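Asks: File follows, model34.csv with CSV, C-alpha atoms:
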chain,number,residue,atom,x,y,z
A,1,MET,CA,-14.9,9.6,1.7
A,2,MET,CA,-11.7,7.6,1.2
A,3,SER,CA,-9.9,10.6,-0.2
A,4,GLN,CA,-10.8,12.7,2.9
A,5,TRP,CA,-9.8,9.9,5.2
A,6,MET,CA,-6.4,9.4,3.5
A,7,GLN,CA,-5.6,13.1,3.8
A,8,ARG,CA,-6.3,13.3,7.5
A,9,SER,CA,-3.2,14.1,9.6
A,10,ASP,CA,-3.7,11.2,12.0
A,11,VAL,CA,-4.0,8.8,9.1
A,12,ARG,CA,-0.9,10.1,7.4
A,13,ALA,CA,1.0,9.8,10.7
A,14,ALA,CA,-0.2,6.2,11.1
A,15,LEU,CA,1.1,5.4,7.6
A,16,HIS,CA,4.4,7.3,8.3
A,17,VAL,CA,3.9,9.5,5.3
A,18,GLU,CA,3.7,12.9,7.0
A,19,SER,CA,6.5,14.2,4.9
A,20,SER,CA,5.1,13.0,1.6
A,21,PRO,CA,4.9,15.7,-1.1
A,22,ALA,CA,1.5,14.4,-2.2
A,23,LYS,CA,-1.2,16.9,-1.5
A,24,GLN,CA,-4.1,15.0,-2.8
A,25,TRP,CA,-5.4,11.4,-2.9
A,26,PRO,CA,-5.9,9.5,-5.1
A,27,GLY,CA,-3.0,10.5,-7.2
A,28,PRO,CA,-0.6,10.8,-8.8
A,29,SER,CA,-0.5,14.4,-10.0
A,30,GLU,CA,0.3,15.4,-13.5
A,31,GLY,CA,3.7,14.7,-14.9
A,32,TRP,CA,4.4,11.6,-12.9
A,33,SER,CA,6.3,8.6,-14.2
A,34,TYR,CA,7.7,5.4,-12.9
A,35,THR,CA,9.9,2.4,-14.1
A,36,SER,CA,8.3,-1.1,-13.9
A,37,GLN,CA,10.8,-3.4,-12.1
A,38,TYR,CA,8.8,-6.6,-12.3
A,39,ALA,CA,7.5,-8.8,-15.1
A,40,ALA,CA,3.9,-8.2,-14.0
A,41,CYS,CA,1.6,-6.5,-16.6
A,42,ASN,CA,4.8,-5.5,-18.3
A,43,ALA,CA,5.2,-6.8,-21.8
A,44,ALA,CA,8.5,-5.0,-22.2
A,45,ALA,CA,10.2,-6.8,-19.4
A,46,PRO,CA,13.4,-8.5,-20.6
A,47,PRO,CA,13.8,-12.3,-20.0
A,48,GLY,CA,14.8,-13.1,-16.5
A,49,THR,CA,13.0,-10.2,-14.9
A,50,PRO,CA,11.4,-11.2,-11.6
A,51,SER,CA,7.7,-11.7,-11.5
A,52,MET,CA,5.2,-11.4,-8.7
A,53,ILE,CA,5.6,-15.1,-8.2
A,54,ASP,CA,9.3,-14.4,-7.4
A,55,PHE,CA,8.2,-11.5,-5.2
A,56,TYR,CA,5.8,-13.8,-3.2
A,57,ARG,CA,8.5,-16.5,-2.9
A,58,TYR,CA,11.0,-14.0,-1.5
A,59,LEU,CA,8.6,-12.1,0.8
A,60,ALA,CA,6.5,-14.8,2.5
A,61,PRO,CA,9.2,-16.5,4.5
A,62,ARG,CA,10.2,-13.1,5.9
A,63,LEU,CA,6.8,-12.1,7.2
A,64,LYS,CA,4.6,-13.4,10.0
A,65,THR,CA,1.6,-13.6,7.6
A,66,THR,CA,1.2,-13.0,3.9
A,67,ILE,CA,-2.3,-12.8,2.4
A,68,VAL,CA,-2.8,-12.5,-1.3
A,69,PHE,CA,-6.4,-11.6,-2.0
A,70,ASN,CA,-8.7,-11.0,-5.0
A,71,GLY,CA,-12.3,-10.0,-5.5
A,72,ASP,CA,-14.1,-12.9,-7.1
A,73,THR,CA,-15.9,-10.5,-9.5
A,74,ASP,CA,-12.9,-8.4,-10.4
A,75,PRO,CA,-13.1,-7.7,-14.2
A,76,CYS,CA,-9.6,-6.3,-14.2
A,77,VAL,CA,-7.5,-9.0,-12.5
A,78,SER,CA,-9.2,-12.5,-12.5
A,79,TYR,CA,-8.9,-14.4,-9.2
A,80,GLU,CA,-8.2,-17.5,-11.2
A,81,GLY,CA,-4.9,-16.0,-12.4
A,82,THR,CA,-4.0,-14.9,-8.9
A,83,ARG,CA,-4.8,-18.2,-7.4
A,84,GLU,CA,-2.6,-20.0,-10.0
A,85,ALA,CA,0.2,-17.5,-9.4
A,86,VAL,CA,0.1,-18.3,-5.6
A,87,ARG,CA,0.0,-22.0,-6.3
A,88,VAL,CA,3.1,-21.8,-8.6
A,89,VAL,CA,5.1,-20.1,-5.8
A,90,GLY,CA,5.6,-23.7,-4.9
A,91,TYR,CA,4.9,-23.9,-1.2
A,92,ALA,CA,3.1,-27.0,0.0
A,93,GLN,CA,-0.6,-26.7,0.8
A,94,LEU,CA,-1.1,-27.2,4.5
A,95,PRO,CA,-3.0,-30.2,5.8
A,96,GLY,CA,-6.6,-29.3,5.8
A,97,GLY,CA,-5.7,-26.0,4.1
A,98,ALA,CA,-7.4,-26.7,0.8
A,99,GLN,CA,-9.8,-24.1,-0.7
A,100,ARG,CA,-12.6,-23.7,1.8
A,101,PRO,CA,-15.1,-21.0,2.8
A,102,TYR,CA,-14.6,-18.4,5.5
A,103,PHE,CA,-17.2,-16.2,7.2
A,104,PHE,CA,-17.3,-12.7,8.6
A,105,ASN,CA,-19.6,-10.9,11.0
A,106,ALA,CA,-21.9,-8.7,9.0
A,107,THR,CA,-22.3,-6.0,11.7
A,108,GLU,CA,-24.7,-3.0,11.3
A,109,VAL,CA,-23.8,0.5,10.3
A,110,PRO,CA,-25.4,3.8,11.4
A,111,LEU,CA,-28.1,5.1,9.2
A,112,HIS,CA,-26.2,8.4,8.6
A,113,LEU,CA,-23.4,6.4,7.0
A,114,LEU,CA,-25.8,5.1,4.4
A,115,ASP,CA,-27.0,8.6,3.7
A,116,GLU,CA,-23.5,10.0,3.3
A,117,LYS,CA,-21.7,7.2,1.5
A,118,PRO,CA,-21.2,7.1,-2.3
A,119,LEU,CA,-23.5,4.6,-4.0
A,120,LEU,CA,-20.7,2.1,-4.9
A,121,PHE,CA,-19.1,2.1,-1.4
A,122,GLY,CA,-20.2,-0.9,0.5
A,123,PRO,CA,-23.4,-1.7,-1.4
A,124,ASP,CA,-24.2,-4.5,1.0
A,125,LEU,CA,-24.0,-2.3,4.1
A,126,ALA,CA,-27.2,-2.3,6.2
A,127,VAL,CA,-28.6,-0.8,9.4
A,128,ALA,CA,-29.5,-4.3,10.7
A,129,PRO,CA,-26.9,-6.8,11.7
A,130,ALA,CA,-26.9,-10.0,9.6
A,131,GLY,CA,-24.6,-12.2,11.7
A,132,PRO,CA,-22.1,-14.6,10.2
A,133,GLN,CA,-22.0,-14.3,6.4
A,134,PHE,CA,-20.1,-16.1,3.6
A,135,GLY,CA,-17.0,-14.0,2.9
A,136,GLY,CA,-15.2,-16.0,0.2
A,137,HIS,CA,-12.6,-18.8,0.1
A,138,VAL,CA,-9.2,-19.3,1.6
A,139,THR,CA,-6.3,-21.6,0.7
A,140,ASP,CA,-3.4,-22.0,3.1
A,141,TYR,CA,0.2,-22.8,2.1
A,142,GLY,CA,3.5,-23.2,3.9
A,143,ASN,CA,5.5,-20.2,5.1
A,144,ARG,CA,2.3,-18.6,6.3
A,145,LEU,CA,1.1,-17.7,2.8
A,146,SER,CA,-2.7,-17.7,2.1
A,147,PHE,CA,-4.7,-17.0,-1.0
A,148,VAL,CA,-8.1,-15.4,-0.2
A,149,THR,CA,-11.0,-14.5,-2.4
A,150,VAL,CA,-13.6,-11.8,-1.4
A,151,HIS,CA,-17.1,-12.8,-2.6
A,152,GLY,CA,-19.0,-10.2,-4.6
A,153,SER,CA,-16.1,-7.7,-4.7
A,154,GLY,CA,-14.5,-6.0,-7.7
A,155,HIS,CA,-10.9,-4.8,-7.9
A,156,MET,CA,-11.2,-2.4,-4.9
A,157,VAL,CA,-12.1,-4.7,-1.9
A,158,PRO,CA,-12.2,-1.9,0.7
A,159,GLN,CA,-14.7,0.0,-1.6
A,160,PHE,CA,-17.0,-2.9,-2.5
A,161,ARG,CA,-16.8,-5.0,0.6
A,162,PRO,CA,-15.5,-2.8,3.4
A,163,ARG,CA,-16.5,-5.2,6.2
A,164,VAL,CA,-14.7,-8.1,4.7
A,165,GLY,CA,-11.7,-5.8,3.9
A,166,LEU,CA,-11.5,-5.1,7.6
A,167,HIS,CA,-11.8,-8.8,8.4
A,168,LEU,CA,-8.8,-9.5,6.1
A,169,LEU,CA,-6.8,-6.8,7.8
A,170,ARG,CA,-7.6,-8.2,11.3
A,171,LYS,CA,-6.5,-11.6,10.1
A,172,LEU,CA,-3.3,-10.2,8.7
A,173,LEU,CA,-2.4,-8.4,11.9
A,174,SER,CA,-3.4,-11.2,14.3
A,175,GLY,CA,-2.2,-14.2,12.2
A,176,LYS,CA,-5.3,-16.1,13.2
A,177,PRO,CA,-6.8,-18.6,10.7
A,178,PHE,CA,-9.8,-17.6,8.5
A,179,SER,CA,-11.5,-20.9,9.1
A,180,PRO,CA,-10.8,-24.3,10.6
A,181,PRO,CA,-8.9,-26.9,8.6
A,182,LEU,CA,-10.9,-29.3,6.5
A,183,PRO,CA,-11.2,-33.0,7.4
A,184,ASP,CA,-8.5,-35.2,5.9
A,185,ASP,CA,-9.3,-36.4,2.3
A,186,ALA,CA,-8.7,-40.0,3.2
A,187,ASP,CA,-11.3,-39.8,6.0
A,188,LEU,CA,-13.8,-38.1,3.7
A,189,GLN,CA,-13.4,-40.7,1.0
A,190,VAL,CA,-14.6,-43.5,3.2
A,191,MET,CA,-17.6,-41.7,4.6
A,192,THR,CA,-21.1,-42.6,3.7
A,193,GLU,CA,-23.2,-39.8,2.0
A,194,ALA,CA,-25.0,-39.2,5.3
A,195,ALA,CA,-21.8,-39.1,7.3
A,196,PHE,CA,-20.2,-36.7,4.8
A,197,ARG,CA,-23.2,-34.3,5.0
A,198,LYS,CA,-23.1,-34.4,8.8
A,199,GLU,CA,-19.4,-33.7,8.8
A,200,LEU,CA,-19.7,-30.8,6.5
A,201,ASP,CA,-22.6,-29.4,8.4
A,202,ALA,CA,-20.6,-29.6,11.6
A,203,TRP,CA,-17.6,-28.0,9.9
A,204,THR,CA,-19.7,-25.1,8.6
A,205,LEU,CA,-21.0,-24.3,12.0
A,206,SER,CA,-17.5,-24.5,13.5
A,207,ALA,CA,-16.3,-22.0,10.8
A,208,GLN,CA,-18.8,-19.5,12.1
A,209,ALA,CA,-17.6,-19.7,15.7
A,210,PRO,CA,-16.5,-16.4,17.3
A,211,GLU,CA,-12.8,-17.3,17.1
A,212,PHE,CA,-13.0,-17.3,13.3
A,213,LEU,CA,-15.3,-14.3,13.0
A,214,ALA,CA,-13.0,-12.0,15.1
In structure tokens, how does this file's structure come out?
Replies:
Amino acid sequence: MMSQWMQRSDVRAALHVESSPAKQWPGPSEGWSYTSQYAACNAAAPPGTPSMIDFYRYLAPRLKTTIVFNGDTDPCVSYEGTREAVRVVGYAQLPGGAQRPYFFNATEVPLHLLDEKPLLFGPDLAVAPAGPQFGGHVTDYGNRLSFVTVHGSGHMVPQFRPRVGLHLLRKLLSGKPFSPPLPDDADLQVMTEAAFRKELDAWTLSAQAPEFLA
């Protein structure tokens, strides 16, 4: 399904790759080669070669929004390593921007899609809407940089969790927050157990408001 979609003329035009010599997707074709420019999964990189950390540090201040995301069941690239890499970039964590849940709207899909789709595409898709569902966690830093996990997804988020993948794309394009900021730590520390639970219950409901699900 993805291969057919990527080869559609309107999709190629939207991606500005109409003149690409590639005739199939996924690729590449036989005989391809490339040179790794970064010290990322590159044991042969000489000392001083920029890493992805340097890349994020360069890129984030130049973009309206930067989202680095990871499936939280990815057996190839652990989200713990990605989370640490984003932290080491060095931008201050925003007030209330500590790791916290976000939710997405689990809309229904037509029955024919379930009949046509490959088994591993969107295994949680259903014909009945499920409303707001836990999508993963988000941590916000300065320079509009965010680290986001996608719950239950492996390496290919659009394949394993397509609805959450679309949610991420909408947040990237709109610049809107994934969820409201957390209460201040100092305020939480002085709360009673009952007040703490009430505060978190209220926060969880607010995180499922339409403005954050959109």
Asks: Could you check which of A:Ser153, A:Ser36, A:Asn70, A:Thr65 is closest to A:Ser174, using all atoms listed in the file?
Replies: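 Among the listed residues, A:Thr65 lies closest to A:Ser174.
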Asks: Measuring atom to atom with all atoms listed in the file, identify which of A:Tyr56, A:Tyr79, A:Phe196, A:Phe212 is nearest to A:Gly152.
Replies: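 Using all atoms listed in the file, the shortest distance to A:Gly152 belongs to A:Tyr79.
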Asks: Taking 3 positions as the minimum chain separation for residues in the same chain, which residues sit within 12 Å of A:Leu205 when counting only C-alpha atoms? Answer as a short mmCIF file (atom, residue, chain, number, x, y, z; two decimals) with C-alpha atoms, keeping the file's coordinate frame.
Replies:
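Final output, result.cif:
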data_model
loop_
_atom_site.label_atom_id
_atom_site.label_comp_id
_atom_site.auth_asym_id
_atom_site.auth_seq_id
_atom_site.Cartn_x
_atom_site.Cartn_y
_atom_site.Cartn_z
CA PRO A 101 -15.10 -21.00 2.80
CA TYR A 102 -14.60 -18.40 5.50
CA PHE A 103 -17.20 -16.20 7.20
CA PRO A 132 -22.10 -14.60 10.20
CA GLN A 133 -22.00 -14.30 6.40
CA PHE A 134 -20.10 -16.10 3.60
CA SER A 179 -11.50 -20.90 9.10
CA PRO A 180 -10.80 -24.30 10.60
CA LYS A 198 -23.10 -34.40 8.80
CA GLU A 199 -19.40 -33.70 8.80
CA LEU A 200 -19.70 -30.80 6.50
CA ASP A 201 -22.60 -29.40 8.40
CA ALA A 202 -20.60 -29.60 11.60
CA GLN A 208 -18.80 -19.50 12.10
CA ALA A 209 -17.60 -19.70 15.70
CA PRO A 210 -16.50 -16.40 17.30
CA GLU A 211 -12.80 -17.30 17.10
CA PHE A 212 -13.00 -17.30 13.30
CA LEU A 213 -15.30 -14.30 13.00
#
Asks: Considering all atoms listed in the file, return as a ChimeraX atom specification whatever protein or nucleic-acid residues lie within 8 Å of A:Ala128, sequence-local ones (same chain, fewer than 6 positions apart) excluded.
Replies: /A:107-109
Asks: To one decimal place, how far is atom CA of A:Met6 from atom CA of A:Leu169 in Å?
Replies: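 Calculated distance between atom CA of A:Met6 and atom CA of A:Leu169 is 16.8 Å.
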Asks: Please report the interatomic distance between atom CA of A:Thr139 and atom CA of A:Arg100 in Å with one decimal.
Replies: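 Between atom CA of A:Thr139 and atom CA of A:Arg100 the gap works out to 6.7 Å.
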Asks: Rounded to one decimal in Å, what is the spacing between atom CA of A:Gly142 and atom CA of A:Lys171?
Replies: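 A separation of 16.5 Å between them.
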Asks: I'd like the neighbourhood of A:Val148 as a list of chain:residue names, where a residue qualifies if any of its atoms comes within 9 Å (using only C-alpha atoms), though same-chain residues fewer than 3 positions away should be ignored.
Replies: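 In the requested format, the answer is A:Ile67, A:Val68, A:Phe69, A:Asn70, A:Gly71, A:Arg83, A:Gln99, A:Gly136, A:His137, A:Val138, A:Thr139, A:Asp140, A:Leu168.
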Asks: Here is a test: counting all atoms listed in the file, which residue of A:Phe104, A:Phe147, A:Tyr141, A:Trp25 is nearest to A:Ala207?
Replies: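 With all atoms listed in the file as the atom set, the closest residue is A:Phe104.
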Asks: Name the closest residue to A:Gly96 among the candidates A:Trp203, A:Pro46, A:Pro21, A:Met2; distances are taken between atoms, counting only C-alpha atoms.
Replies: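 Using only C-alpha atoms, the shortest distance to A:Gly96 belongs to A:Trp203.
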Asks: Which residues are close to stretch 158-166 of chain A, i.e. within 8 Å by all atoms listed in the file, leaving aside same-chain residues fewer than 6 positions away? Reply as a PDB file with C-alpha atoms, in the coordinates of the input.
Replies:
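Contents of around.pdb, as written:
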ATOM      1  CA  PHE A 104     -17.300 -12.700   8.600  1.00  0.00           C
ATOM      2  CA  ALA A 106     -21.900  -8.700   9.000  1.00  0.00           C
ATOM      3  CA  LEU A 120     -20.700   2.100  -4.900  1.00  0.00           C
ATOM      4  CA  PHE A 121     -19.100   2.100  -1.400  1.00  0.00           C
ATOM      5  CA  GLY A 122     -20.200  -0.900   0.500  1.00  0.00           C
ATOM      6  CA  PRO A 123     -23.400  -1.700  -1.400  1.00  0.00           C
ATOM      7  CA  ASP A 124     -24.200  -4.500   1.000  1.00  0.00           C
ATOM      8  CA  GLY A 135     -17.000 -14.000   2.900  1.00  0.00           C
ATOM      9  CA  VAL A 150     -13.600 -11.800  -1.400  1.00  0.00           C
ATOM     10  CA  GLY A 152     -19.000 -10.200  -4.600  1.00  0.00           C
TER      11      GLY A 152
END
